[in-house]
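Dumped start.cif below, it's mmCIF, C-alpha atoms and all ligand atoms:
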data_final
loop_
_atom_site.label_atom_id
_atom_site.label_comp_id
_atom_site.auth_asym_id
_atom_site.auth_seq_id
_atom_site.Cartn_x
_atom_site.Cartn_y
_atom_site.Cartn_z
CA MET Z 1 -3.28 -10.49 -40.58
CA ASN Z 2 -5.83 -13.03 -41.72
CA ASN Z 3 -6.41 -13.93 -45.36
CA HIS Z 4 -9.60 -11.90 -45.58
CA THR Z 5 -7.99 -8.62 -44.48
CA SER Z 6 -4.86 -9.10 -46.59
CA SER Z 7 -6.93 -9.71 -49.73
CA LEU Z 8 -9.05 -6.62 -49.01
CA GLU Z 9 -5.96 -4.51 -48.52
CA THR Z 10 -4.14 -5.64 -51.65
CA SER Z 11 -7.16 -5.18 -53.89
CA HIS Z 12 -6.88 -1.38 -53.72
CA PHE Z 13 -3.99 0.81 -54.95
CA PRO Z 14 -3.79 4.15 -53.12
CA VAL Z 15 -4.04 6.81 -55.84
CA MET Z 16 -1.18 9.36 -56.15
CA LEU Z 17 0.33 8.17 -52.89
CA LYS Z 18 3.73 9.74 -53.51
CA GLU Z 19 2.23 13.12 -54.35
CA VAL Z 20 -0.11 12.99 -51.33
CA LEU Z 21 2.76 12.17 -48.94
CA LYS Z 22 4.91 14.96 -50.33
CA ILE Z 23 2.18 17.54 -49.63
CA VAL Z 24 1.12 16.10 -46.26
CA SER Z 25 4.79 15.91 -45.29
CA PRO Z 26 4.34 13.85 -42.10
CA PHE Z 27 8.08 13.28 -41.66
CA ASN Z 28 8.31 14.98 -38.25
CA GLY Z 29 5.12 13.45 -36.86
CA GLY Z 30 1.86 15.38 -36.43
CA LYS Z 31 -1.93 15.06 -36.40
CA TYR Z 32 -3.77 13.89 -39.50
CA ILE Z 33 -7.29 13.01 -40.61
CA ASP Z 34 -7.85 10.43 -43.34
CA CYS Z 35 -11.46 11.15 -44.28
CA THR Z 36 -11.74 8.25 -46.74
CA PHE Z 37 -9.88 5.36 -45.11
CA GLY Z 38 -10.87 2.73 -47.73
CA ALA Z 39 -8.19 0.07 -47.76
CA GLY Z 40 -6.07 2.34 -45.56
CA GLY Z 41 -3.41 3.05 -48.20
CA TYR Z 42 -2.59 6.58 -47.02
CA SER Z 43 -3.06 5.90 -43.29
CA ARG Z 44 -0.74 2.92 -43.36
CA GLU Z 45 2.07 4.92 -45.03
CA ILE Z 46 1.74 7.83 -42.60
CA LEU Z 47 1.74 5.47 -39.60
CA LYS Z 48 5.13 4.13 -40.70
CA ILE Z 49 6.54 7.48 -39.53
CA PRO Z 50 7.02 7.81 -35.74
CA ASN Z 51 4.94 10.33 -33.77
CA THR Z 52 2.20 10.53 -36.36
CA ASN Z 53 -1.37 10.36 -35.12
CA ILE Z 54 -4.31 9.54 -37.38
CA THR Z 55 -8.05 9.89 -37.07
CA ALA Z 56 -9.52 7.78 -39.87
CA ILE Z 57 -13.09 7.90 -41.15
CA ASP Z 58 -15.09 5.77 -43.55
CA ARG Z 59 -18.84 5.29 -43.90
CA ASP Z 60 -18.37 1.71 -45.10
CA ASN Z 61 -18.36 -1.01 -42.42
CA HIS Z 62 -16.96 -3.59 -44.87
CA ILE Z 63 -13.45 -2.25 -44.24
CA LYS Z 64 -13.79 -2.41 -40.44
CA SER Z 65 -11.45 -5.43 -40.22
CA LEU Z 66 -8.63 -3.41 -41.83
CA ALA Z 67 -9.19 -0.51 -39.44
CA ASP Z 68 -9.37 -2.86 -36.42
CA GLU Z 69 -6.05 -4.32 -37.36
CA LEU Z 70 -4.40 -0.88 -37.45
CA GLU Z 71 -6.03 0.09 -34.14
CA LYS Z 72 -4.52 -3.01 -32.58
CA LYS Z 73 -1.10 -2.32 -34.03
CA PHE Z 74 -1.09 1.42 -33.20
CA PRO Z 75 -3.43 1.80 -30.19
CA LYS Z 76 -2.13 5.24 -29.28
CA ARG Z 77 -1.71 6.62 -32.79
CA PHE Z 78 -4.66 5.37 -34.83
CA ARG Z 79 -8.42 5.69 -34.28
CA PHE Z 80 -11.14 4.71 -36.74
CA TYR Z 81 -14.74 5.95 -36.86
CA GLN Z 82 -17.48 4.60 -39.08
CA ILE Z 83 -19.18 7.89 -39.84
CA LYS Z 84 -19.70 10.12 -42.85
CA PHE Z 85 -17.02 12.76 -43.29
CA SER Z 86 -19.69 15.47 -43.15
CA GLN Z 87 -19.76 14.54 -39.43
CA LEU Z 88 -16.03 14.84 -38.89
CA ASP Z 89 -16.48 17.60 -36.34
CA THR Z 90 -18.00 15.01 -33.98
CA VAL Z 91 -14.78 13.01 -33.71
CA SER Z 92 -11.73 15.10 -34.43
CA SER Z 93 -9.87 17.66 -32.39
CA GLU Z 94 -8.59 20.97 -33.75
CA ASP Z 95 -5.12 22.01 -34.89
CA VAL Z 96 -4.74 19.24 -37.42
CA ASP Z 97 -1.68 19.25 -39.72
CA ALA Z 98 -3.36 17.77 -42.80
CA ILE Z 99 -6.71 16.35 -43.85
CA ILE Z 100 -7.08 14.06 -46.85
CA PHE Z 101 -10.12 13.22 -48.98
CA ASP Z 102 -9.78 10.54 -51.67
CA LEU Z 103 -13.28 10.55 -53.12
CA GLY Z 104 -15.40 7.96 -54.82
CA LEU Z 105 -15.30 4.22 -54.50
CA SER Z 106 -12.53 1.93 -53.40
CA SER Z 107 -11.73 -1.16 -55.45
CA ILE Z 108 -13.01 -3.13 -52.46
CA GLN Z 109 -16.46 -1.64 -53.09
CA LEU Z 110 -16.30 -1.86 -56.88
CA ASN Z 111 -15.09 -5.44 -56.91
CA ASN Z 112 -17.82 -6.66 -54.59
CA LEU Z 113 -20.49 -7.18 -57.24
CA ASN Z 114 -23.14 -7.85 -54.59
CA ARG Z 115 -23.11 -4.14 -53.76
CA GLY Z 116 -24.58 -3.25 -57.14
CA PHE Z 117 -22.15 -0.46 -58.09
CA SER Z 118 -21.17 -2.07 -61.37
CA PHE Z 119 -23.26 -2.34 -64.51
CA LYS Z 120 -21.23 -5.43 -65.32
CA SER Z 121 -23.02 -7.44 -62.65
CA ASP Z 122 -26.49 -8.89 -62.39
CA LYS Z 123 -27.18 -8.10 -58.76
CA ARG Z 124 -29.66 -6.21 -56.66
CA LEU Z 125 -29.57 -2.47 -57.34
CA ASN Z 126 -27.98 -1.10 -54.20
CA MET Z 127 -24.99 1.30 -54.55
CA GLU Z 128 -24.92 2.17 -50.85
CA MET Z 129 -21.47 3.07 -49.52
CA GLY Z 130 -22.74 2.83 -45.96
CA LEU Z 131 -24.96 4.80 -43.53
CA ASN Z 132 -27.44 5.55 -46.31
CA LYS Z 133 -31.10 6.42 -46.01
CA ALA Z 134 -32.07 4.85 -49.34
CA SER Z 135 -30.64 2.58 -52.03
CA ALA Z 136 -30.53 2.84 -55.82
CA LEU Z 137 -33.47 0.44 -55.89
CA ASP Z 138 -35.53 2.89 -53.79
CA ALA Z 139 -34.50 5.82 -55.98
CA ILE Z 140 -35.25 4.07 -59.27
CA ASN Z 141 -38.66 2.85 -58.11
CA ASN Z 142 -39.83 5.84 -56.09
CA LEU Z 143 -38.50 9.09 -57.60
CA SER Z 144 -40.88 10.98 -59.87
CA GLU Z 145 -40.01 11.00 -63.57
CA ILE Z 146 -38.99 14.65 -63.36
CA ASP Z 147 -36.67 14.04 -60.40
CA LEU Z 148 -35.17 10.97 -62.07
CA LYS Z 149 -34.51 13.05 -65.16
CA SER Z 150 -32.81 15.81 -63.13
CA VAL Z 151 -30.66 13.32 -61.21
CA ILE Z 152 -29.50 11.59 -64.39
CA LYS Z 153 -29.01 14.85 -66.28
CA PHE Z 154 -27.28 16.97 -63.66
CA LEU Z 155 -25.38 14.36 -61.62
CA GLY Z 156 -24.48 12.19 -64.61
CA ASP Z 157 -24.22 14.84 -67.33
CA GLU Z 158 -26.33 12.47 -69.44
CA LYS Z 159 -27.80 14.08 -72.57
CA GLU Z 160 -30.50 11.45 -72.93
CA ALA Z 161 -31.73 11.71 -69.35
CA SER Z 162 -35.26 12.47 -70.47
CA LYS Z 163 -35.66 9.28 -72.45
CA ILE Z 164 -33.98 7.15 -69.80
CA ALA Z 165 -36.23 8.55 -67.04
CA LYS Z 166 -39.32 8.01 -69.17
CA ASN Z 167 -38.37 4.39 -69.88
CA ILE Z 168 -37.57 3.73 -66.22
CA VAL Z 169 -41.05 4.88 -65.22
CA LYS Z 170 -42.67 2.88 -68.04
CA SER Z 171 -40.80 -0.24 -67.04
CA ARG Z 172 -41.48 0.06 -63.27
CA ASN Z 173 -45.18 0.53 -63.94
CA ASP Z 174 -45.12 -3.03 -65.30
CA LYS Z 175 -42.81 -4.52 -62.72
CA LYS Z 176 -40.56 -3.26 -59.93
CA ILE Z 177 -36.97 -2.71 -61.14
CA THR Z 178 -34.71 -4.68 -58.81
CA LYS Z 179 -31.52 -5.66 -60.60
CA THR Z 180 -28.60 -3.85 -62.17
CA SER Z 181 -29.23 -5.83 -65.37
CA ASP Z 182 -32.83 -4.49 -65.53
CA LEU Z 183 -31.50 -0.95 -65.45
CA VAL Z 184 -28.79 -1.75 -68.01
CA LYS Z 185 -31.46 -3.00 -70.44
CA ILE Z 186 -33.54 0.16 -70.00
CA ILE Z 187 -30.54 2.44 -70.57
CA GLU Z 188 -29.37 0.50 -73.62
CA LYS Z 189 -32.85 0.65 -75.11
CA SER Z 190 -33.07 4.40 -74.47
CA LYS Z 191 -29.68 5.15 -75.99
CA LYS Z 192 -29.85 2.71 -78.84
CA LYS Z 193 -28.58 4.96 -81.59
CA ASN Z 194 -26.11 6.89 -79.57
CA PHE Z 195 -23.65 4.36 -78.26
CA SER Z 196 -20.26 5.92 -78.00
CA LYS Z 197 -17.33 3.63 -78.50
CA LYS Z 198 -15.31 5.22 -75.75
CA ILE Z 199 -17.71 5.13 -72.86
CA ASN Z 200 -20.21 2.48 -71.84
CA PRO Z 201 -23.80 3.77 -72.31
CA CYS Z 202 -24.56 2.98 -68.66
CA THR Z 203 -21.60 4.82 -67.10
CA LYS Z 204 -23.28 8.21 -66.70
CA THR Z 205 -26.62 6.98 -65.33
CA PHE Z 206 -24.90 4.66 -62.86
CA GLN Z 207 -22.62 7.51 -61.74
CA ALA Z 208 -25.62 9.81 -61.28
CA LEU Z 209 -27.48 7.27 -59.17
CA ARG Z 210 -24.45 6.51 -57.04
CA ILE Z 211 -23.89 10.22 -56.37
CA PHE Z 212 -27.57 10.69 -55.50
CA VAL Z 213 -27.87 7.62 -53.25
CA ASN Z 214 -24.75 8.57 -51.29
CA LYS Z 215 -25.41 12.35 -51.34
CA GLU Z 216 -21.87 12.76 -52.53
CA ILE Z 217 -22.07 16.47 -53.39
CA SER Z 218 -23.54 17.46 -50.02
CA GLU Z 219 -20.98 15.24 -48.30
CA LEU Z 220 -18.11 16.86 -50.17
CA ILE Z 221 -19.23 20.44 -49.54
CA ASN Z 222 -19.97 19.90 -45.83
CA GLY Z 223 -16.87 17.72 -45.44
CA VAL Z 224 -14.39 20.26 -46.81
CA ILE Z 225 -15.95 23.08 -44.80
CA LYS Z 226 -15.70 21.13 -41.54
CA ALA Z 227 -12.19 19.95 -42.40
CA THR Z 228 -11.04 23.52 -42.99
CA LYS Z 229 -12.29 24.47 -39.51
CA ARG Z 230 -10.17 21.70 -37.98
CA LEU Z 231 -6.89 22.68 -39.67
CA LYS Z 232 -4.20 24.64 -37.90
CA PRO Z 233 -2.70 27.67 -39.67
CA GLY Z 234 -0.32 26.25 -42.27
CA GLY Z 235 -2.25 22.93 -42.26
CA LYS Z 236 -3.11 21.35 -45.60
CA ILE Z 237 -6.40 20.14 -47.05
CA LEU Z 238 -6.03 17.71 -49.96
CA VAL Z 239 -8.79 16.38 -52.19
CA VAL Z 240 -8.47 13.69 -54.85
CA THR Z 241 -11.49 13.90 -57.17
CA PHE Z 242 -12.70 11.59 -59.93
CA HIS Z 243 -15.31 13.55 -61.83
CA SER Z 244 -15.92 17.08 -63.00
CA ILE Z 245 -18.60 18.13 -60.46
CA GLU Z 246 -16.29 17.24 -57.56
CA ASP Z 247 -13.35 19.04 -59.11
CA LYS Z 248 -15.46 22.14 -59.86
CA ILE Z 249 -16.50 22.36 -56.19
CA VAL Z 250 -12.99 21.94 -54.80
CA LYS Z 251 -11.52 24.41 -57.29
CA TYR Z 252 -14.20 26.99 -56.48
CA PHE Z 253 -13.69 26.57 -52.73
CA PHE Z 254 -9.90 26.89 -52.83
CA ASN Z 255 -9.99 29.73 -55.38
CA ASN Z 256 -12.66 31.85 -53.78
CA PHE Z 257 -11.57 31.64 -50.17
CA SER Z 258 -7.86 32.16 -50.68
CA LYS Z 259 -5.86 35.34 -50.16
CA ASN Z 260 -5.47 35.87 -53.89
CA ARG Z 261 -9.10 35.14 -54.87
CA SER Z 262 -10.23 36.90 -57.97
CA ARG Z 263 -12.81 39.67 -57.65
CA PRO Z 264 -15.81 39.42 -59.97
CA SER Z 265 -14.99 42.88 -61.32
CA ARG Z 266 -12.72 45.70 -60.30
CA TYR Z 267 -15.78 47.97 -60.38
CA PHE Z 268 -17.56 45.80 -57.84
CA PRO Z 269 -17.53 47.78 -54.57
CA GLU Z 270 -15.19 45.93 -52.23
CA ASN Z 271 -17.18 46.58 -49.07
CA LYS Z 272 -20.32 45.04 -50.60
CA ILE Z 273 -18.89 41.53 -50.64
CA GLU Z 274 -18.03 39.70 -47.50
CA GLU Z 275 -14.49 38.62 -48.11
CA ILE Z 276 -13.65 35.48 -46.17
CA THR Z 277 -10.12 34.24 -46.27
CA LEU Z 278 -9.54 30.66 -45.22
CA PHE Z 279 -6.49 29.75 -47.31
CA GLU Z 280 -3.11 31.13 -48.24
CA GLU Z 281 -2.59 32.08 -51.88
CA TYR Z 282 -4.01 29.42 -54.16
CA ARG Z 283 -2.28 28.86 -57.47
CA ASN Z 284 -5.02 26.71 -58.98
CA LYS Z 285 -2.61 23.91 -59.61
CA VAL Z 286 -4.06 20.51 -60.30
CA LEU Z 287 -1.86 17.43 -60.03
CA ARG Z 288 -2.45 14.35 -62.16
CA PRO Z 289 -1.14 10.79 -61.84
CA THR Z 290 1.92 9.90 -63.89
CA LYS Z 291 1.57 7.74 -66.98
CA ARG Z 292 3.34 5.00 -65.08
CA GLU Z 293 0.73 5.08 -62.31
CA ILE Z 294 -2.11 5.00 -64.85
CA ASP Z 295 -0.49 2.00 -66.55
CA LEU Z 296 -0.27 0.24 -63.19
CA ASN Z 297 -3.71 1.27 -61.95
CA ASN Z 298 -6.20 2.22 -64.61
CA ARG Z 299 -8.64 3.52 -61.98
CA SER Z 300 -6.29 6.44 -61.32
CA ARG Z 301 -6.66 7.79 -64.88
CA SER Z 302 -9.31 10.39 -64.02
CA ALA Z 303 -7.84 11.43 -60.65
CA LYS Z 304 -7.15 15.11 -59.95
CA LEU Z 305 -5.41 16.21 -56.79
CA ARG Z 306 -5.84 19.73 -55.43
CA TYR Z 307 -4.68 21.11 -52.11
CA ALA Z 308 -4.75 24.37 -50.19
CA THR Z 309 -2.99 25.70 -47.10
CA ARG Z 310 -5.01 27.09 -44.18
CA SER Z 311 -4.27 30.75 -43.49
CA LYS Z 312 -4.03 32.35 -40.06
CA SER Z 313 -7.41 34.08 -40.47
CA GLU Z 314 -10.17 33.18 -38.07
CA PHE Z 315 -12.60 30.55 -39.46
CA LYS Z 316 -15.80 32.01 -40.87
CA TYR Z 317 -18.49 29.90 -42.50
CA PRO Z 318 -18.10 30.01 -46.31
CA GLN Z 319 -21.81 30.40 -47.11
CA LYS Z 320 -20.93 31.42 -50.69
CA LEU Z 321 -19.85 27.82 -51.38
CA ILE Z 322 -23.27 26.53 -50.33
CA ASP Z 323 -25.06 29.20 -52.37
CA LYS Z 324 -22.98 28.52 -55.47
CA PHE Z 325 -23.84 24.81 -55.56
CA LYS Z 326 -27.35 25.08 -54.14
CA ASN Z 327 -28.92 23.38 -57.17
CA TYR Z 328 -26.95 20.20 -56.56
CA LEU Z 329 -27.67 20.31 -52.83
CA ASP Z 330 -31.41 20.74 -53.46
CA LEU Z 331 -31.40 17.89 -55.93
CA GLU Z 332 -29.68 15.55 -53.49
CA SER Z 333 -32.13 16.42 -50.76
CA VAL Z 334 -35.18 15.23 -52.75
CA ASN Z 335 -37.00 12.63 -50.67
CA VAL Z 336 -37.11 9.08 -52.01
C1 LIG Z 401 -11.28 5.84 -53.05
S1 LIG Z 401 -11.61 5.09 -51.52
C2 LIG Z 401 -10.27 5.57 -50.49
C3 LIG Z 401 -9.06 4.72 -50.63
C4 LIG Z 401 -7.95 5.03 -49.66
N1 LIG Z 401 -7.42 6.36 -49.85
C5 LIG Z 401 -6.84 4.01 -49.78
O1 LIG Z 401 -5.75 4.37 -50.20
O2 LIG Z 401 -7.05 2.85 -49.46
C6 LIG Z 401 -12.90 6.06 -50.91
C7 LIG Z 401 -13.45 5.63 -49.58
O3 LIG Z 401 -14.13 6.73 -49.03
C8 LIG Z 401 -15.32 6.30 -48.44
N2 LIG Z 401 -16.25 7.44 -48.49
C9 LIG Z 401 -16.78 8.01 -49.58
N3 LIG Z 401 -17.59 9.02 -49.23
C10 LIG Z 401 -17.55 9.09 -47.87
C11 LIG Z 401 -18.18 9.93 -46.92
N4 LIG Z 401 -19.01 10.90 -47.28
N5 LIG Z 401 -17.91 9.72 -45.62
C12 LIG Z 401 -17.06 8.74 -45.22
N6 LIG Z 401 -16.45 7.90 -46.08
C13 LIG Z 401 -16.68 8.08 -47.39
C14 LIG Z 401 -15.77 5.14 -49.27
O4 LIG Z 401 -16.60 4.29 -48.50
C15 LIG Z 401 -14.44 4.49 -49.67
O5 LIG Z 401 -14.10 3.48 -48.77
#
Take the structure in the file and write it out as structure tokens.
Amino acid sequence: MNNHTSSLETSHFPVMLKEVLKIVSPFNGGKYIDCTFGAGGYSREILKIPNTNITAIDRDNHIKSLADELEKKFPKRFRFYQIKFSQLDTVSSEDVDAIIFDLGLSSIQLNNLNRGFSFKSDKRLNMEMGLNKASALDAINNLSEIDLKSVIKFLGDEKEASKIAKNIVKSRNDKKITKTSDLVKIIEKSKKKNFSKKINPCTKTFQALRIFVNKEISELINGVIKATKRLKPGGKILVVTFHSIEDKIVKYFFNNFSKNRSRPSRYFPENKIEEITLFEEYRNKVLRPTKREIDLNNRSRSAKLRYATRSKSEFKYPQKLIDKFKNYLDLESVNV
């Protein structure tokens, strides 16, 4: 391993690794998909066990050297693809034992200030994870005020979205907004009186832009649907989320397509709803990192892990999931 790859690898702690391994349970071998390879934390642990086979995916080509190294070491058991996980059907086979999603950014991405994810840097506004159509710079300078407001409000849960969007447009009419520090100044000006001590005033707007630029909601919804189709009966789908929209989607999916899903009302005629069962009974259990893990890795503090077990029922497309979150999908599909 050269110095570059080893420093990439050690800069990221795999979140809830012990809990993930316990659920995936790869101890007798099997076929797995790591949809968010990152620094390869999960893949590397699973590969330690003989007869395991991993298809790994990441949209980011900055981690290619780590993946290359594993491909060299395990040529028959490890394959990496630089694609988005919404395209996982193009690379994986069926009958997979477990599929893992560990959403959001890796420390490799966050720590590279040139990529413009952090409001603590003074770099070009970018925020692209990889394979993007547009950057944060394009979004900030080209979206209409109304679309900017919706992105910041709905993807960032930012109460002052209106003022921030207005000030972005005002500022870009004078001069193109190109740097993270330009955006920071605009947000701070817009939120002057409402600084909360707990959370940086820029957190929500930056999160909203990152989600929009990377189409993270559409990716998640299409990714979990395609993953479910690839699982064998009894196979597990695991998702580690880091903010409330992601968790809401995963919870809804597992809850509403499981054997024990709740009916809207007992008076609702059963034959009027198309009941699709994709998962065994889902107990709505969410796992959180231990205090010890949070002390060791502060980034894990907002992690939530949910998982479901594929039932024997034939796969049917869960259109209800798309319909339920259509507003987010429409918002992400606005042209820049
Ligand atoms: C939190 S990191 C994963 C860390 C990894 N579990 C580990 O232990 O090293 C998330 C990774 O998922 C990737 N990613 C996020 N969304 C993706 C998508 N839609 N398709 C493919 N990769 C994605 C990011 O580029 C990032 O490298």
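When only C-alpha atoms are used to measure the gap to Lys153 of chain Z, the shortest distance among Z:Met127, Z:Phe212, Z:Lys229, Z:Phe74 belongs to Z:Phe212.
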> Which residues sit within 8 Å of ligand LIG 401 (chain Z), counting all atoms listed in the file, listed as a PyMOL selection string?
Replying inline: chain Z and resi 9+12-15+17+34-43+57-60+63+82-86+101-109+129-130+214-216+219-220+223
Write to file, as a compact mmCIF listing (two decimals), keeping the file's coordinate frame, the residues of the selection just made, with C-alpha atoms.
# COMPACT_ATOMS: atom_id res chain seq x y z
CA GLU Z 9 -5.96 -4.51 -48.52
CA HIS Z 12 -6.88 -1.38 -53.72
CA PHE Z 13 -3.99 0.81 -54.95
CA PRO Z 14 -3.79 4.15 -53.12
CA VAL Z 15 -4.04 6.81 -55.84
CA LEU Z 17 0.33 8.17 -52.89
CA ASP Z 34 -7.85 10.43 -43.34
CA CYS Z 35 -11.46 11.15 -44.28
CA THR Z 36 -11.74 8.25 -46.74
CA PHE Z 37 -9.88 5.36 -45.11
CA GLY Z 38 -10.87 2.73 -47.73
CA ALA Z 39 -8.19 0.07 -47.76
CA GLY Z 40 -6.07 2.34 -45.56
CA GLY Z 41 -3.41 3.05 -48.20
CA TYR Z 42 -2.59 6.58 -47.02
CA SER Z 43 -3.06 5.90 -43.29
CA ILE Z 57 -13.09 7.90 -41.15
CA ASP Z 58 -15.09 5.77 -43.55
CA ARG Z 59 -18.84 5.29 -43.90
CA ASP Z 60 -18.37 1.71 -45.10
CA ILE Z 63 -13.45 -2.25 -44.24
CA GLN Z 82 -17.48 4.60 -39.08
CA ILE Z 83 -19.18 7.89 -39.84
CA LYS Z 84 -19.70 10.12 -42.85
CA PHE Z 85 -17.02 12.76 -43.29
CA SER Z 86 -19.69 15.47 -43.15
CA PHE Z 101 -10.12 13.22 -48.98
CA ASP Z 102 -9.78 10.54 -51.67
CA LEU Z 103 -13.28 10.55 -53.12
CA GLY Z 104 -15.40 7.96 -54.82
CA LEU Z 105 -15.30 4.22 -54.50
CA SER Z 106 -12.53 1.93 -53.40
CA SER Z 107 -11.73 -1.16 -55.45
CA ILE Z 108 -13.01 -3.13 -52.46
CA GLN Z 109 -16.46 -1.64 -53.09
CA MET Z 129 -21.47 3.07 -49.52
CA GLY Z 130 -22.74 2.83 -45.96
CA ASN Z 214 -24.75 8.57 -51.29
CA LYS Z 215 -25.41 12.35 -51.34
CA GLU Z 216 -21.87 12.76 -52.53
CA GLU Z 219 -20.98 15.24 -48.30
CA LEU Z 220 -18.11 16.86 -50.17
CA GLY Z 223 -16.87 17.72 -45.44
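If you look at atom CA of Ala308 of chain Z and atom CA of Glu280 of chain Z, they are 7.2 Å away from each other.
Each of Z:Phe119, Z:Val239, Z:Leu209, Z:Ile217 was checked against Asp147 of chain Z using all atoms listed in the file; the smallest atom-to-atom distance is that of Z:Leu209.
Note that atom CA of Val336 of chain Z and atom CA of Lys133 of chain Z are 8.9 Å apart.
The list of residues within 10 Å of (-37.1, 14.0, -65.3), counted using all atoms listed in the file, is Leu143, Ser144, Glu145, Ile146, Asp147, Leu148, Lys149, Ser150, Val151, Ile152, Lys153, Ala161, Ser162, Lys163, Ile164, Ala165, Lys166 and Val169 of chain Z.
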> Separation of atom CA of Asp247 of chain Z and atom CA of Lys285 of chain Z, in Å?
Replying inline: 11.8 Å
> Hey, what's within 12 Å of Met16 of chain Z if we count only C-alpha atoms and toss same-chain stuff fewer than 6 positions away? As number ranges by chain, please?
Replying inline: Z: 22-23, 41-42, 100, 102, 238-241, 287-294, 296-297, 299-306
